[in-house]
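Asks: Pasting a structure here, questions to come.
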Amino acid sequence: MEYKNIVVAVDGSEAAEKAFKKSIEIAKRNDARLILAHVVDSRTFATAETYDRSLAERAEEYAKELLNNYVNKAKDAGVTDVIRCIEYGSPKVKISKSIAKNFNADLIICGATGLNAVERFIIGSVSESITRHSSCDVLVVR
């Protein structure tokens, strides 16, 4: 089976970096489109934004900078078809149900752990949720 539309979830963590590197190999091997997806978890700063209105702007700037960096790395590595995707909401829901569907993904690649250890402890990991709710193949990179 060949993969043609690969979504890789990136958040700036070490696990996401490993997932990204794996996605480069797979995208090149399959001559696939690479969709670099970052979900700004708007729930985490919704209440804090009452005190600091610039949080959303800073989160968006971080996301743009992060994805631009990954796009450059992907193109330098030889992947020619690269798309940026920034969404807002819960990464657990957006990656498996929205982003993958919108881009007709046949593979989602994510790191085993992300940046939010507190949420992982309380309600489970993003990678676990992606694996459980996705309608396509999922590769969790350790």
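How things are named: the first chain in the structure tokens is A, the next is B, and so on; residues count from 1 in each chain; ligands count from 1 in the order shown.
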Would you list the contacts of A:Glu14 as a VMD selection string, taking every protein, DNA or RNA residue within 12 Å and counting only C-alpha atoms, but skipping same-chain residues closer than 6 positions in sequence?
Replies: chain A and resid 20 to 21 110 to 115 141 to 142
Asks: Write out, as an mmCIF file, in the first residue's frame, the residues just selected, with N, CA and C atoms.
Replies:
```cif
data_model
loop_
_atom_site.group_PDB
_atom_site.id
_atom_site.type_symbol
_atom_site.label_atom_id
_atom_site.label_comp_id
_atom_site.auth_asym_id
_atom_site.auth_seq_id
_atom_site.Cartn_x
_atom_site.Cartn_y
_atom_site.Cartn_z
ATOM 1 N N PHE A 20 8.110 13.916 12.832
ATOM 2 C CA PHE A 20 8.366 14.681 11.610
ATOM 3 C C PHE A 20 9.458 14.018 10.768
ATOM 4 N N LYS A 21 10.550 13.636 11.418
ATOM 5 C CA LYS A 21 11.652 12.986 10.692
ATOM 6 C C LYS A 21 11.192 11.690 10.035
ATOM 7 N N CYS A 110 2.257 10.772 14.451
ATOM 8 C CA CYS A 110 2.360 11.638 15.621
ATOM 9 C C CYS A 110 3.390 11.059 16.586
ATOM 10 N N GLY A 111 3.846 11.911 17.476
ATOM 11 C CA GLY A 111 4.769 11.468 18.510
ATOM 12 C C GLY A 111 4.011 10.762 19.618
ATOM 13 N N ALA A 112 4.721 9.952 20.368
ATOM 14 C CA ALA A 112 4.088 9.207 21.461
ATOM 15 C C ALA A 112 3.656 10.128 22.593
ATOM 16 N N THR A 113 4.378 11.202 22.807
ATOM 17 C CA THR A 113 4.011 12.177 23.835
ATOM 18 C C THR A 113 4.208 13.569 23.274
ATOM 19 N N GLY A 114 3.407 14.509 23.764
ATOM 20 C CA GLY A 114 3.511 15.887 23.314
ATOM 21 C C GLY A 114 3.973 16.791 24.430
ATOM 22 N N LEU A 115 3.553 18.044 24.367
ATOM 23 C CA LEU A 115 3.996 19.029 25.340
ATOM 24 C C LEU A 115 3.165 19.057 26.617
ATOM 25 N N VAL A 141 5.148 7.424 16.762
ATOM 26 C CA VAL A 141 6.612 7.322 16.796
ATOM 27 C C VAL A 141 7.099 7.500 18.220
ATOM 28 N N ARG A 142 7.921 6.552 18.668
ATOM 29 C CA ARG A 142 8.492 6.624 20.029
ATOM 30 C C ARG A 142 9.849 7.281 19.988
#
```
Asks: Using DSSP on the backbone coordinates, identify all residues within stretch 31-117 of chain A classified as helix (DSSP H, G or I); present the result as a PyMOL selection string.
Replies: chain A and resi 42-44+48-50+55-76+91-102+117
Asks: List the neighbours of A:Asp41 out to 7 Å using only C-alpha atoms; skip same-chain residues closer than 3 positions along the sequence, and give me the result as a VMD selection string.
Replies: chain A and resid 44 88 to 91
Asks: Using only C-alpha atoms, please write the residues we just selected to a file, as an mmCIF file, in the first residue's frame.
Replies:
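Below is the file that was written, result33.cif:
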```
data_model
loop_
_atom_site.group_PDB
_atom_site.id
_atom_site.type_symbol
_atom_site.label_atom_id
_atom_site.label_comp_id
_atom_site.auth_asym_id
_atom_site.auth_seq_id
_atom_site.Cartn_x
_atom_site.Cartn_y
_atom_site.Cartn_z
ATOM 1 C CA THR A 44 -5.667 26.104 27.534
ATOM 2 C CA TYR A 88 -7.875 25.809 16.732
ATOM 3 C CA GLY A 89 -9.504 23.618 19.359
ATOM 4 C CA SER A 90 -8.676 20.239 20.834
ATOM 5 C CA PRO A 91 -5.774 18.417 19.122
#
```
Asks: Please identify all polymer residues within 10 Å of A:His133, counting only C-alpha atoms, omitting same-chain residues fewer than 5 positions from it, and present them as a VMD selection string.
Replies: chain A and resid 92 to 93 95 to 97 128
Asks: Skip A:Lys64 itself and residues of its chain fewer than 3 positions away, then list as a compact mmCIF listing (two decimals) with N, CA and C atoms, in the first residue's frame all residues within 9 Å of it, counting only C-alpha atoms.
Replies:
```
# COMPACT_ATOMS: atom_id res chain seq x y z
N HIS A 38 -0.65 21.64 12.98
CA HIS A 38 -0.47 22.11 14.35
C HIS A 38 -1.82 22.61 14.84
N ALA A 59 0.23 32.55 20.35
CA ALA A 59 0.07 31.14 19.99
C ALA A 59 0.02 30.98 18.47
N GLU A 60 -0.66 31.90 17.80
CA GLU A 60 -0.74 31.83 16.34
C GLU A 60 0.63 32.11 15.70
N GLU A 61 1.34 33.09 16.22
CA GLU A 61 2.69 33.39 15.71
C GLU A 61 3.62 32.20 15.90
N LEU A 67 5.57 25.89 11.87
CA LEU A 67 5.26 25.23 10.60
C LEU A 67 6.19 25.69 9.48
N ASN A 68 6.53 26.97 9.44
CA ASN A 68 7.47 27.45 8.43
C ASN A 68 8.82 26.75 8.56
N ASN A 69 9.26 26.56 9.79
CA ASN A 69 10.51 25.85 10.05
C ASN A 69 10.44 24.41 9.52
N ARG A 84 0.84 23.46 4.94
CA ARG A 84 0.73 23.87 6.35
C ARG A 84 -0.74 23.85 6.75
N ILE A 86 -3.01 24.99 10.22
CA ILE A 86 -3.17 25.44 11.61
C ILE A 86 -4.66 25.41 11.91
```
Asks: So which one's closest to A:Ala105, A:Val138, A:Leu66, A:Leu55, A:Ala15? Using only C-alpha atoms, please.
Replies: A:Val138
Asks: From the options A:Ser23, A:Asn104, A:Thr131, A:Ser54, which residue's atoms come nearest to A:Gly78, counting only C-alpha atoms?
Replies: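 Looking only at the distances to A:Gly78, the closest residue turns out to be A:Ser23.
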Asks: Write out as number ranges by chain the residues lying within 10 Å of A:Ile24, counting only C-alpha atoms and excluding same-chain residues fewer than 4 positions away.
Replies: A: 6, 8, 19-20, 28-30, 32, 34, 73-75, 77-79
Asks: Report, in Å to a single decimal, how far apart atom CA of A:Tyr62 and atom CA of A:Tyr3 are.
Replies: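 Here the two named atoms are 29.1 Å from each other.
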